[in-house]
$ cat start07.pdb   # PDB, C-alpha atoms
ATOM      1  CA  MET A 298      54.504  70.237 111.763
ATOM      2  CA  ARG A 299      56.870  67.399 112.710
ATOM      3  CA  PRO A 300      60.481  68.212 113.704
ATOM      4  CA  VAL A 301      63.076  68.626 110.960
ATOM      5  CA  THR A 302      66.583  67.158 111.360
ATOM      6  CA  ARG A 303      68.924  70.138 110.997
ATOM      7  CA  TYR A 304      72.131  68.355 111.990
ATOM      8  CA  TYR A 305      72.800  65.015 110.329
ATOM      9  CA  GLU A 306      75.973  62.956 110.390
ATOM     10  CA  SER A 307      76.830  61.799 106.891
ATOM     11  CA  GLN A 308      76.978  58.045 106.327
ATOM     12  CA  ASN A 309      79.325  58.067 103.309
ATOM     13  CA  GLU A 310      81.354  60.269 100.950
ATOM     14  CA  TYR A 311      78.380  60.800  98.651
ATOM     15  CA  THR A 312      76.372  62.601 101.326
ATOM     16  CA  LEU A 313      79.235  64.491 103.016
ATOM     17  CA  PRO A 314      78.913  68.218 102.113
ATOM     18  CA  LEU A 315      81.825  69.802 100.285
ATOM     19  CA  GLN A 316      83.704  72.541 102.105
ATOM     20  CA  GLY A 317      84.746  75.905 100.692
ATOM     21  CA  LYS A 318      83.112  78.289  98.266
ATOM     22  CA  PRO A 319      81.823  77.040  94.890
ATOM     23  CA  TYR A 320      82.775  78.963  91.777
ATOM     24  CA  TYR A 321      79.460  78.111  90.116
ATOM     25  CA  ARG A 322      75.935  77.631  91.397
ATOM     26  CA  ASN A 323      72.647  76.960  89.589
ATOM     27  CA  SER A 324      69.316  76.604  91.342
ATOM     28  CA  GLY A 325      65.800  75.359  90.735
ATOM     29  CA  ILE A 326      62.506  74.828  92.557
ATOM     30  CA  ILE A 327      60.789  71.434  92.490
ATOM     31  CA  TYR A 328      57.003  71.621  92.293
ATOM     32  CA  ALA A 329      54.370  68.936  92.724
ATOM     33  CA  VAL A 330      51.514  69.557  90.284
ATOM     34  CA  ASP A 331      47.996  68.385  91.134
ATOM     35  CA  ARG A 332      45.347  67.206  88.666
ATOM     36  CA  ILE A 333      44.007  70.736  88.074
ATOM     37  CA  GLY A 334      47.461  72.236  87.492
ATOM     38  CA  SER A 335      48.082  73.897  90.873
ATOM     39  CA  LYS A 336      51.775  73.904  91.811
ATOM     40  CA  TYR A 337      53.162  73.213  95.289
ATOM     41  CA  ALA A 338      56.798  74.068  96.023
ATOM     42  CA  VAL A 339      58.265  70.946  97.662
ATOM     43  CA  SER A 340      61.997  71.615  97.505
ATOM     44  CA  ARG A 341      64.803  73.809  96.311
ATOM     45  CA  VAL A 342      67.662  72.103  94.484
ATOM     46  CA  ASP A 343      71.099  73.692  94.049
ATOM     47  CA  PHE A 344      73.940  72.491  91.838
ATOM     48  CA  GLU A 345      77.452  73.643  92.818
ATOM     49  CA  ARG A 346      80.869  73.238  91.172
ATOM     50  CA  TYR A 347      84.226  73.702  92.909
ATOM     51  CA  ASP A 348      87.719  74.533  91.610
ATOM     52  CA  ASP A 349      88.986  70.999  92.253
ATOM     53  CA  GLN A 350      86.363  69.589  89.814
ATOM     54  CA  ASN A 351      84.186  68.348  92.641
ATOM     55  CA  PHE A 352      80.483  69.069  92.525
ATOM     56  CA  GLN A 353      77.359  68.545  94.603
ATOM     57  CA  TYR A 354      73.578  68.737  94.476
ATOM     58  CA  ILE A 355      71.752  70.082  97.520
ATOM     59  CA  PHE A 356      68.029  69.426  98.053
ATOM     60  CA  SER A 357      66.307  71.669 100.614
ATOM     61  CA  PRO A 358      62.728  70.412 101.159
ATOM     62  CA  GLU A 359      59.889  72.823 101.915
ATOM     63  CA  TRP A 360      58.513  70.864 104.854
ATOM     64  CA  SER A 361      55.858  73.494 105.664
ATOM     65  CA  VAL A 362      54.297  72.700 102.275
ATOM     66  CA  ILE A 363      55.107  68.985 102.111
ATOM     67  CA  ASP A 364      53.436  68.241 105.450
ATOM     68  CA  THR A 365      50.072  69.443 104.096
ATOM     69  CA  LEU A 366      50.074  67.371 100.910
ATOM     70  CA  PRO A 367      48.144  64.103 100.517
ATOM     71  CA  PRO A 368      49.743  61.128  98.695
ATOM     72  CA  SER A 369      47.583  61.927  95.661
ATOM     73  CA  ILE A 370      49.698  65.078  95.162
ATOM     74  CA  PHE A 371      53.109  64.226  96.611
ATOM     75  CA  GLN A 372      54.739  60.831  97.124
ATOM     76  CA  GLY A 373      58.257  62.072  97.812
ATOM     77  CA  ILE A 374      61.296  63.038  95.748
ATOM     78  CA  PRO A 375      62.742  59.983  93.937
ATOM     79  CA  GLY A 376      66.117  58.983  95.341
ATOM     80  CA  LEU A 377      65.703  60.791  98.695
ATOM     81  CA  ASP A 378      64.670  59.174 101.967
ATOM     82  CA  MET A 379      62.040  61.696 103.018
ATOM     83  CA  SER A 380      61.411  59.807 106.273
ATOM     84  CA  LEU A 381      64.716  61.236 107.576
ATOM     85  CA  ARG A 382      63.161  64.738 107.370
ATOM     86  CA  LEU A 383      66.536  66.392 106.757
ATOM     87  CA  GLU A 384      66.878  70.122 106.389
ATOM     88  CA  ARG A 385      69.194  69.436 103.447
ATOM     89  CA  TYR A 386      70.063  66.339 101.403
ATOM     90  CA  TYR A 387      73.500  66.246  99.741
ATOM     91  CA  ARG A 388      74.605  64.230  96.728
ATOM     92  CA  VAL A 389      78.348  64.729  96.209
ATOM     93  CA  ASN A 390      80.200  63.912  92.982
ATOM     94  CA  MET A 391      77.241  61.937  91.705
ATOM     95  CA  THR A 392      74.134  62.726  89.683
ATOM     96  CA  PRO A 393      71.049  62.108  91.849
ATOM     97  CA  TYR A 394      68.419  59.734  90.528
ATOM     98  CA  PHE A 395      65.900  62.589  90.479
ATOM     99  CA  ILE A 396      68.101  64.430  87.956
ATOM    100  CA  SER A 397      69.280  61.463  85.888
ATOM    101  CA  GLU A 398      65.780  60.059  85.311
ATOM    102  CA  ARG A 399      64.528  63.269  83.697
ATOM    103  CA  THR A 400      67.571  64.505  81.766
ATOM    104  CA  PRO A 401      69.512  63.084  78.785
ATOM    105  CA  SER A 402      72.643  61.082  79.514
ATOM    106  CA  GLU A 403      75.982  61.880  77.887
ATOM    107  CA  SER A 404      75.724  58.709  75.762
ATOM    108  CA  ARG A 405      72.316  59.506  74.261
ATOM    109  CA  GLU A 406      72.425  59.495  70.438
ATOM    110  CA  ASP A 407      70.357  62.656  69.957
ATOM    111  CA  LEU A 408      72.034  64.490  72.855
ATOM    112  CA  TRP A 409      73.296  67.458  70.855
ATOM    113  CA  ASP A 410      69.961  67.894  69.138
ATOM    114  CA  LEU A 411      68.296  68.103  72.550
ATOM    115  CA  LEU A 412      70.899  70.593  73.785
ATOM    116  CA  GLU A 413      70.540  72.717  70.664
ATOM    117  CA  GLU A 414      66.753  72.845  71.096
ATOM    118  CA  VAL A 415      67.183  74.773  74.358
ATOM    119  CA  GLY A 416      70.109  76.895  73.188
ATOM    120  CA  LEU A 417      72.941  74.973  74.872
ATOM    121  CA  ASP A 418      76.284  74.400  73.142
ATOM    122  CA  TYR A 419      77.761  72.483  76.093
ATOM    123  CA  TYR A 420      76.620  69.525  78.182
ATOM    124  CA  ASP A 421      74.978  70.540  81.449
ATOM    125  CA  ARG A 422      72.073  68.267  82.308
ATOM    126  CA  PHE A 423      70.828  70.428  85.205
ATOM    127  CA  GLU A 424      70.791  73.585  83.077
ATOM    128  CA  TRP A 425      69.013  71.588  80.358
ATOM    129  CA  LEU A 426      66.359  70.611  82.891
ATOM    130  CA  LEU A 427      65.842  74.231  83.942
ATOM    131  CA  ARG A 428      65.378  75.312  80.320
ATOM    132  CA  THR A 429      62.681  72.757  79.562
ATOM    133  CA  ASN A 430      59.235  72.020  80.973
ATOM    134  CA  MET A 431      59.845  68.294  80.660
ATOM    135  CA  ARG A 432      57.930  66.076  83.084
ATOM    136  CA  CYS A 433      58.968  62.541  83.979
ATOM    137  CA  GLY A 434      56.275  59.983  83.214
ATOM    138  CA  THR A 435      56.643  58.314  86.629
ATOM    139  CA  ASP A 436      55.672  61.273  88.839
ATOM    140  CA  ASN A 437      54.006  64.695  88.825
ATOM    141  CA  LEU A 438      57.096  66.753  89.681
ATOM    142  CA  ILE A 439      58.498  69.603  87.594
ATOM    143  CA  VAL A 440      61.538  71.855  88.039
ATOM    144  CA  GLU A 441      61.634  75.594  87.361
ATOM    145  CA  ARG A 442      64.551  77.993  87.656
ATOM    146  CA  ALA A 443      64.935  79.650  91.061
ATOM    147  CA  GLU A 444      64.939  83.433  90.936
ATOM    148  CA  ALA A 445      66.383  86.014  93.337
ATOM    149  CA  SER A 446      64.280  86.575  96.450
ATOM    150  CA  ARG A 447      61.737  89.411  96.348
ATOM    151  CA  HIS A 448      59.774  91.464  98.873
ATOM    152  CA  ILE A 449      56.290  91.993  97.484
ATOM    153  CA  ALA A 450      53.763  94.406  98.969
ATOM    154  CA  PHE A 451      50.287  92.961  98.534
ATOM    155  CA  GLU A 452      47.920  95.541  97.050
ATOM    156  CA  SER A 453      45.585  93.286  95.072
ATOM    157  CA  ALA A 454      45.552  89.778  93.599
ATOM    158  CA  LYS A 455      47.142  91.280  90.476
ATOM    159  CA  SER A 456      50.174  92.375  92.509
ATOM    160  CA  LEU A 457      51.074  88.734  93.164
ATOM    161  CA  PRO A 458      53.449  87.443  90.465
ATOM    162  CA  ALA A 459      52.491  84.103  88.926
ATOM    163  CA  ASN A 460      55.947  82.704  89.734
ATOM    164  CA  LEU A 461      56.035  83.205  93.510
ATOM    165  CA  GLN A 462      58.856  81.159  95.039
ATOM    166  CA  PRO A 463      59.944  80.005  98.513
ATOM    167  CA  ASN A 464      62.456  82.821  99.043
ATOM    168  CA  ASP A 465      59.845  85.523  98.389
ATOM    169  CA  CYS A 466      58.156  87.468 101.180
ATOM    170  CA  VAL A 467      54.659  88.920 100.740
ATOM    171  CA  SER A 468      53.780  91.764 103.105
ATOM    172  CA  ILE A 469      50.133  92.385 104.013
ATOM    173  CA  LYS A 470      48.321  94.885 106.211
ATOM    174  CA  GLY A 471      46.194  92.381 108.068
ATOM    175  CA  PHE A 472      44.341  89.451 106.533
ATOM    176  CA  GLN A 473      41.278  91.624 105.942
ATOM    177  CA  SER A 474      43.310  93.589 103.374
ATOM    178  CA  ILE A 475      43.844  90.531 101.160
ATOM    179  CA  ALA A 476      40.264  90.163  99.895
ATOM    180  CA  SER A 477      36.682  91.288 100.442
ATOM    181  CA  THR A 478      35.191  87.768 100.338
ATOM    182  CA  SER A 479      36.155  84.536 102.079
ATOM    183  CA  HIS A 480      36.441  82.751  98.720
ATOM    184  CA  GLN A 481      38.889  85.330  97.340
ATOM    185  CA  LEU A 482      40.801  85.349 100.629
ATOM    186  CA  ARG A 483      41.272  81.585 100.442
ATOM    187  CA  LYS A 484      42.304  81.783  96.785
ATOM    188  CA  ASN A 485      44.929  84.479  97.399
ATOM    189  CA  LEU A 486      46.340  82.810 100.508
ATOM    190  CA  LEU A 487      46.561  79.452  98.735
ATOM    191  CA  GLN A 488      48.525  81.059  95.903
ATOM    192  CA  ILE A 489      51.033  82.441  98.407
ATOM    193  CA  LEU A 490      51.329  79.410 100.671
ATOM    194  CA  ARG A 491      51.514  76.795  97.892
ATOM    195  CA  SER A 492      54.559  78.611  96.541
ATOM    196  CA  GLY A 493      56.357  78.371  99.874
ATOM    197  CA  ALA A 494      56.586  82.179 100.089
ATOM    198  CA  ARG A 495      56.527  83.787 103.530
ATOM    199  CA  ILE A 496      53.859  86.188 104.798
ATOM    200  CA  LEU A 497      54.707  89.332 106.776
ATOM    201  CA  ASP A 498      51.792  91.017 108.565
ATOM    202  CA  GLU A 499      52.835  94.670 108.828
ATOM    203  CA  THR A 500      50.005  95.584 111.214
ATOM    204  CA  GLU A 501      51.442  93.283 113.878
ATOM    205  CA  GLU A 502      55.049  93.324 112.615
ATOM    206  CA  HIS A 503      54.904  89.553 112.569
ATOM    207  CA  GLN A 504      56.165  87.099 109.960
ATOM    208  CA  LEU A 505      54.296  83.813 109.995
ATOM    209  CA  SER A 506      56.497  80.926 111.061
ATOM    210  CA  GLU A 507      56.859  77.726 109.037
ATOM    211  CA  GLU A 508      54.528  76.000 111.510
ATOM    212  CA  GLU A 509      51.892  78.720 111.149
ATOM    213  CA  CYS A 510      52.138  78.634 107.344
ATOM    214  CA  SER A 511      51.802  74.853 107.358
ATOM    215  CA  LEU A 512      48.733  74.894 109.615
ATOM    216  CA  LEU A 513      47.103  77.660 107.585
ATOM    217  CA  LEU A 514      47.792  75.899 104.287
ATOM    218  CA  ASN A 515      46.378  72.652 105.650
ATOM    219  CA  LEU A 516      43.175  74.408 106.776
ATOM    220  CA  LEU A 517      42.722  76.208 103.460
ATOM    221  CA  MET A 518      43.280  73.016 101.456
ATOM    222  CA  LEU A 519      40.642  71.223 103.560
ATOM    223  CA  GLN A 520      38.165  74.034 102.903
ATOM    224  CA  ASP A 521      39.015  74.034  99.204
ATOM    225  CA  SER A 522      38.553  70.261  99.016
ATOM    226  CA  MET A 523      35.194  70.447 100.803
ATOM    227  CA  GLU A 524      33.955  73.143  98.424
ATOM    228  CA  SER A 525      35.147  71.153  95.408
ATOM    229  CA  ASN A 526      33.382  68.014  96.660
ATOM    230  CA  GLN A 527      30.186  69.977  97.220
ATOM    231  CA  LYS A 528      30.333  71.298  93.649
ATOM    232  CA  LYS A 529      30.866  67.789  92.303
ATOM    233  CA  GLN A 530      27.938  66.506  94.331
ATOM    234  CA  ARG A 531      25.650  69.277  93.066
ATOM    235  CA  HIS A 532      26.746  68.506  89.506
ATOM    236  CA  GLN A 533      26.131  64.788  89.998
ATOM    237  CA  ASP A 534      22.705  65.510  91.501
ATOM    238  CA  GLY A 535      21.871  67.556  88.410
ATOM    239  CA  VAL A 536      23.048  64.747  86.112
ATOM    240  CA  ASN A 537      20.999  62.206  88.047
ATOM    241  CA  ARG A 538      17.880  64.376  87.770
ATOM    242  CA  ALA A 539      18.458  64.835  84.045
ATOM    243  CA  LYS A 540      18.911  61.089  83.597
ATOM    244  CA  HIS A 541      15.721  60.440  85.538
ATOM    245  CA  ASP A 542      13.871  62.882  83.284
ATOM    246  CA  GLY A 543      15.446  61.374  80.146
ATOM    247  CA  LYS A 544      17.277  64.604  79.264
ATOM    248  CA  TYR A 545      20.895  63.519  79.752
ATOM    249  CA  ALA A 546      22.825  62.176  76.772
ATOM    250  CA  GLY A 547      26.303  62.260  78.335
ATOM    251  CA  ARG A 548      29.307  64.400  77.497
ATOM    252  CA  LYS A 549      30.510  64.194  73.920
ATOM    253  CA  LYS A 550      33.962  62.739  73.386
ATOM    254  CA  ILE A 551      36.507  65.295  72.160
ATOM    255  CA  ALA A 552      37.174  64.778  68.456
ATOM    256  CA  VAL A 553      40.880  64.182  67.741
ATOM    257  CA  ASP A 554      42.603  63.372  64.445
ATOM    258  CA  GLN A 555      43.802  59.797  65.078
ATOM    259  CA  ASN A 556      46.722  59.966  62.633
ATOM    260  CA  LEU A 557      47.944  63.176  64.246
ATOM    261  CA  PHE A 558      47.522  61.723  67.727
ATOM    262  CA  ARG A 559      49.540  58.615  66.837
ATOM    263  CA  GLN A 560      52.438  60.773  65.653
ATOM    264  CA  VAL A 561      52.222  63.002  68.722
ATOM    265  CA  ALA A 562      52.066  59.912  70.971
ATOM    266  CA  LYS A 563      55.183  58.540  69.269
ATOM    267  CA  ASP A 564      57.097  61.815  69.758
ATOM    268  CA  PHE A 565      55.919  62.152  73.357
ATOM    269  CA  ARG A 566      56.920  58.611  74.323
ATOM    270  CA  LYS A 567      60.382  59.205  72.858
ATOM    271  CA  ARG A 568      60.539  62.487  74.851
ATOM    272  CA  LYS A 569      60.968  64.557  71.699
ATOM    273  CA  ILE A 570      58.176  66.861  72.863
ATOM    274  CA  THR A 571      56.878  67.883  76.266
ATOM    275  CA  GLU A 572      53.497  67.068  77.726
ATOM    276  CA  ASP A 573      52.287  70.648  77.151
ATOM    277  CA  GLU A 574      53.453  70.594  73.528
ATOM    278  CA  ALA A 575      51.764  67.234  72.907
ATOM    279  CA  MET A 576      48.462  68.407  74.385
ATOM    280  CA  ALA A 577      48.583  71.649  72.408
ATOM    281  CA  ARG A 578      49.252  69.830  69.095
ATOM    282  CA  VAL A 579      46.225  67.560  69.476
ATOM    283  CA  GLY A 580      43.974  70.233  70.977
ATOM    284  CA  ILE A 581      43.379  68.562  74.357
ATOM    285  CA  ALA A 582      43.327  70.835  77.403
ATOM    286  CA  SER A 583      42.769  68.191  80.093
ATOM    287  CA  ARG A 584      45.812  66.227  81.285
ATOM    288  CA  SER A 585      43.645  63.289  82.384
ATOM    289  CA  THR A 586      41.941  63.188  78.967
ATOM    290  CA  PHE A 587      45.322  63.256  77.215
ATOM    291  CA  TYR A 588      46.660  60.275  79.188
ATOM    292  CA  ARG A 589      43.392  58.391  78.793
ATOM    293  CA  ARG A 590      43.640  58.768  75.017
ATOM    294  CA  LEU A 591      47.324  57.853  75.193
ATOM    295  CA  LYS A 592      46.431  54.539  76.834
ATOM    296  CA  GLU A 593      44.008  53.815  73.982
ATOM    297  CA  ILE A 594      46.915  53.880  71.532
ATOM    298  CA  GLN A 595      49.381  51.073  72.248
ATOM    299  CA  PRO A 596      53.102  51.867  71.738
ATOM    300  CA  GLU A 597      53.387  49.401  68.883
ATOM    301  CA  ASN A 598      50.574  51.179  67.065
ATOM    302  CA  ALA A 599      52.183  54.552  67.637
ATOM    303  CA  LYS A 600      55.446  53.662  65.906
TER     304      LYS A 600
END

$ encode --input "start07.pdb" --output "structure tokens"
Amino acid sequence: MRPVTRYYESQNEYTLPLQGKPYYRNSGIIYAVDRIGSKYAVSRVDFERYDDQNFQYIFSPEWSVIDTLPPSIFQGIPGLDMSLRLERYYRVNMTPYFISERTPSESREDLWDLLEEVGLDYYDRFEWLLRTNMRCGTDNLIVERAEASRHIAFESAKSLPANLQPNDCVSIKGFQSIASTSHQLRKNLLQILRSGARILDETEEHQLSEEECSLLLNLLMLQDSMESNQKKQRHQDGVNRAKHDGKYAGRKKIAVDQNLFRQVAKDFRKRKITEDEAMARVGIASRSTFYRRLKEIQPENAK
């Protein structure tokens, strides 16, 4: 794991941290989502307001997770220079590009309709973001609300909450207690490490460091990738044999009502509905299939 810059001299007023205690704070976790839906915690983002009407956004990257991710999963957080490898990035009295590109502006015509849809009767674009599962069309990043930190005793895979977050700590009684098979062990550890949660081994009274978590996550992802590639190769070998024997007709294309899809495409492009809602309405479970079908319908035909 490469060094992280923990002390950085601000270059201008927009990156100089505010002093004092904020009267209001709201927090979220930024996740990178891969093609099969696995989520990787890449940063915490906090929004703070002060009595003098000043405000700031603070991004705290999860470098132990980020350093394991290939470009196919994570290309950085828009608007932040990730090459600086800062412990925290500040944006003072300005709305960061990451927030503005995925939330409605104050001048948007249907602003109050969008606020009402999530139960807001006041304008707060960060709170709006936390209440939706909206995804920007230019990246694979989502934001979910940050919860209070938890200490979780691992008893079985079912004891792990689905919404593990970076501030959580999972205590184990040795790695052999996590699973009875290597496949299940890898699956459980990946669930913990992708979330950015920490691991405390009670048998040795040792909490894994960020470097150890990063190395372990990298190893497990390599193993997972190798197993996935092997499965794909076995599947392709089976297809090739079936083709050679004249028994393969190809996978049938999912039947979708074209009129319904055009309307859903129109609503999705105008950001009236989320990606999940659009896929559910047309009955498509695969994200890649949904976007492939979306490309088949040109915007002018979807109006």

$ resolve_selection --input "start07.pdb" --expression "the PyMOL selection byres ((chain A and resi 447-457) around 10)" --output "short mmCIF file (atom, residue, chain, number, x, y, z; two decimals) with C-alpha atoms, keeping the file's coordinate frame"
data_model
loop_
_atom_site.label_atom_id
_atom_site.label_comp_id
_atom_site.auth_asym_id
_atom_site.auth_seq_id
_atom_site.Cartn_x
_atom_site.Cartn_y
_atom_site.Cartn_z
CA GLU A 444 64.94 83.43 90.94
CA ALA A 445 66.38 86.01 93.34
CA SER A 446 64.28 86.58 96.45
CA PRO A 458 53.45 87.44 90.46
CA ALA A 459 52.49 84.10 88.93
CA ASN A 460 55.95 82.70 89.73
CA LEU A 461 56.04 83.20 93.51
CA GLN A 462 58.86 81.16 95.04
CA PRO A 463 59.94 80.00 98.51
CA ASN A 464 62.46 82.82 99.04
CA ASP A 465 59.84 85.52 98.39
CA CYS A 466 58.16 87.47 101.18
CA VAL A 467 54.66 88.92 100.74
CA SER A 468 53.78 91.76 103.10
CA ILE A 469 50.13 92.38 104.01
CA LYS A 470 48.32 94.88 106.21
CA SER A 474 43.31 93.59 103.37
CA ILE A 475 43.84 90.53 101.16
CA ALA A 476 40.26 90.16 99.90
CA GLN A 481 38.89 85.33 97.34
CA LEU A 482 40.80 85.35 100.63
CA LYS A 484 42.30 81.78 96.78
CA ASN A 485 44.93 84.48 97.40
CA LEU A 486 46.34 82.81 100.51
CA GLN A 488 48.52 81.06 95.90
CA ILE A 489 51.03 82.44 98.41
CA ALA A 494 56.59 82.18 100.09
CA ARG A 495 56.53 83.79 103.53
CA ILE A 496 53.86 86.19 104.80
CA LEU A 497 54.71 89.33 106.78
CA GLU A 499 52.84 94.67 108.83
#

$ closest_atom_pairs --input "start07.pdb" --of "segment 331-444 of chain A" --to "segment 558-574 of chain A" --cutoff "8 Å" --atoms "all atoms listed in the file" --output "Markdown table"
| residue | atom | partner | partner_atom | distance |
| --- | --- | --- | --- | --- |
| A:Asn430 | CA | A:Thr571 | CA | 6.7 |
| A:Met431 | CA | A:Thr571 | CA | 5.3 |
| A:Arg432 | CA | A:Glu572 | CA | 7.0 |

$ write_last_selection --input "start07.pdb" --atoms "C-alpha atoms" --output "short mmCIF file (atom, residue, chain, number, x, y, z; two decimals), keeping the file's coordinate frame"
data_model
loop_
_atom_site.label_atom_id
_atom_site.label_comp_id
_atom_site.auth_asym_id
_atom_site.auth_seq_id
_atom_site.Cartn_x
_atom_site.Cartn_y
_atom_site.Cartn_z
CA ASN A 430 59.24 72.02 80.97
CA MET A 431 59.84 68.29 80.66
CA ARG A 432 57.93 66.08 83.08
#

$ closest_residue --input "start07.pdb" --among "A:Arg382, A:Arg590, A:Arg399, A:His480" --to "Tyr305 of chain A" --atoms "only C-alpha atoms"
A:Arg382

$ resolve_selection --input "start07.pdb" --expression "the PyMOL selection byres ((chain A and resi 344) around 9)" --output "MDAnalysis selection string"
chainID A and resid 321:325 342:343 345:346 352:355 423

$ residues_around --input "start07.pdb" --residues "Glu424 of chain A" --least-positions-apart "3" --cutoff "10 Å" --atoms "all atoms listed in the file" --output "PDB file with C-alpha atoms, in the frame of the given file"
ATOM      1  CA  ASN A 323      72.647  76.960  89.589  1.00  0.00           C
ATOM      2  CA  SER A 324      69.316  76.604  91.342  1.00  0.00           C
ATOM      3  CA  GLY A 325      65.800  75.359  90.735  1.00  0.00           C
ATOM      4  CA  PHE A 344      73.940  72.491  91.838  1.00  0.00           C
ATOM      5  CA  THR A 400      67.571  64.505  81.766  1.00  0.00           C
ATOM      6  CA  LEU A 412      70.899  70.593  73.785  1.00  0.00           C
ATOM      7  CA  VAL A 415      67.183  74.773  74.358  1.00  0.00           C
ATOM      8  CA  LEU A 417      72.941  74.973  74.872  1.00  0.00           C
ATOM      9  CA  TYR A 419      77.761  72.483  76.093  1.00  0.00           C
ATOM     10  CA  TYR A 420      76.620  69.525  78.182  1.00  0.00           C
ATOM     11  CA  ASP A 421      74.978  70.540  81.449  1.00  0.00           C
ATOM     12  CA  LEU A 427      65.842  74.231  83.942  1.00  0.00           C
ATOM     13  CA  ARG A 428      65.378  75.312  80.320  1.00  0.00           C
ATOM     14  CA  THR A 429      62.681  72.757  79.562  1.00  0.00           C
ATOM     15  CA  ARG A 442      64.551  77.993  87.656  1.00  0.00           C
TER      16      ARG A 442
END

$ resolve_selection --input "start07.pdb" --expression "the PyMOL selection byres ((chain A and resi 505-519) around 10)" --output "ChimeraX atom specification"
/A:298-299,359-366,482-484,486-491,493-498,502-504,520-525

$ atom_distance --input "start07.pdb" --atom1 "atom CA of Met379 of chain A" --atom2 "atom CA of Gln316 of chain A"
24.2 Å

$ atom_distance --input "start07.pdb" --atom1 "atom CA of Tyr394 of chain A" --atom2 "atom CA of Leu411 of chain A"
19.8 Å

$ atom_distance --input "start07.pdb" --atom1 "atom CA of Ala577 of chain A" --atom2 "atom CA of Ser397 of chain A"
26.7 Å

$ closest_residue --input "start07.pdb" --among "A:Val339, A:Gly535, A:Val553, A:Asn390" --to "Thr586 of chain A" --atoms "only C-alpha atoms"
A:Val553

$ closest_residue --input "start07.pdb" --among "A:Ile396, A:Leu426, A:Leu381, A:Ile439" --to "Val330 of chain A" --atoms "only C-alpha atoms"
A:Ile439

$ closest_residue --input "start07.pdb" --among "A:Arg538, A:Ile333, A:Arg405, A:Ser479" --to "Ser585 of chain A" --atoms "all atoms listed in the file"
A:Ile333

$ decode --input "start07.pdb" --residues "segment 309-319 of chain A" --atoms "N, CA, C and O atoms" --output "mmCIF file, in the first residue's frame"
data_model
loop_
_atom_site.group_PDB
_atom_site.id
_atom_site.type_symbol
_atom_site.label_atom_id
_atom_site.label_comp_id
_atom_site.auth_asym_id
_atom_site.auth_seq_id
_atom_site.Cartn_x
_atom_site.Cartn_y
_atom_site.Cartn_z
ATOM 1 N N ASN A 309 -5.637 26.968 -1.746
ATOM 2 C CA ASN A 309 -6.572 28.086 -1.907
ATOM 3 C C ASN A 309 -7.678 27.996 -0.854
ATOM 4 O O ASN A 309 -7.714 27.045 -0.054
ATOM 5 N N GLU A 310 -8.562 28.991 -0.845
ATOM 6 C CA GLU A 310 -9.617 29.063 0.168
ATOM 7 C C GLU A 310 -10.642 27.945 0.037
ATOM 8 O O GLU A 310 -11.351 27.628 0.990
ATOM 9 N N TYR A 311 -10.722 27.338 -1.147
ATOM 10 C CA TYR A 311 -11.727 26.300 -1.357
ATOM 11 C C TYR A 311 -11.291 24.934 -0.821
ATOM 12 O O TYR A 311 -12.097 24.010 -0.753
ATOM 13 N N THR A 312 -10.010 24.817 -0.483
ATOM 14 C CA THR A 312 -9.527 23.551 0.071
ATOM 15 C C THR A 312 -8.972 23.722 1.487
ATOM 16 O O THR A 312 -8.376 22.797 2.039
ATOM 17 N N LEU A 313 -9.154 24.908 2.068
ATOM 18 C CA LEU A 313 -8.683 25.179 3.428
ATOM 19 C C LEU A 313 -9.778 24.785 4.425
ATOM 20 O O LEU A 313 -10.857 25.386 4.431
ATOM 21 N N PRO A 314 -9.543 23.785 5.266
ATOM 22 C CA PRO A 314 -10.586 23.294 6.190
ATOM 23 C C PRO A 314 -11.108 24.385 7.113
ATOM 24 O O PRO A 314 -10.349 25.235 7.585
ATOM 25 N N LEU A 315 -12.410 24.375 7.343
ATOM 26 C CA LEU A 315 -13.018 25.304 8.283
ATOM 27 C C LEU A 315 -12.661 24.903 9.710
ATOM 28 O O LEU A 315 -12.511 23.721 10.026
ATOM 29 N N GLN A 316 -12.539 25.913 10.568
ATOM 30 C CA GLN A 316 -12.214 25.668 11.966
ATOM 31 C C GLN A 316 -13.486 25.771 12.814
ATOM 32 O O GLN A 316 -14.460 26.403 12.434
ATOM 33 N N GLY A 317 -13.453 25.147 13.987
ATOM 34 C CA GLY A 317 -14.609 25.193 14.871
ATOM 35 C C GLY A 317 -15.460 23.948 14.750
ATOM 36 O O GLY A 317 -15.114 22.994 14.042
ATOM 37 N N LYS A 318 -16.588 23.974 15.426
ATOM 38 C CA LYS A 318 -17.477 22.816 15.472
ATOM 39 C C LYS A 318 -18.723 23.078 14.624
ATOM 40 O O LYS A 318 -19.414 24.078 14.820
ATOM 41 N N PRO A 319 -19.034 22.210 13.674
ATOM 42 C CA PRO A 319 -20.240 22.410 12.860
ATOM 43 C C PRO A 319 -21.507 22.146 13.672
ATOM 44 O O PRO A 319 -21.491 21.341 14.606
#
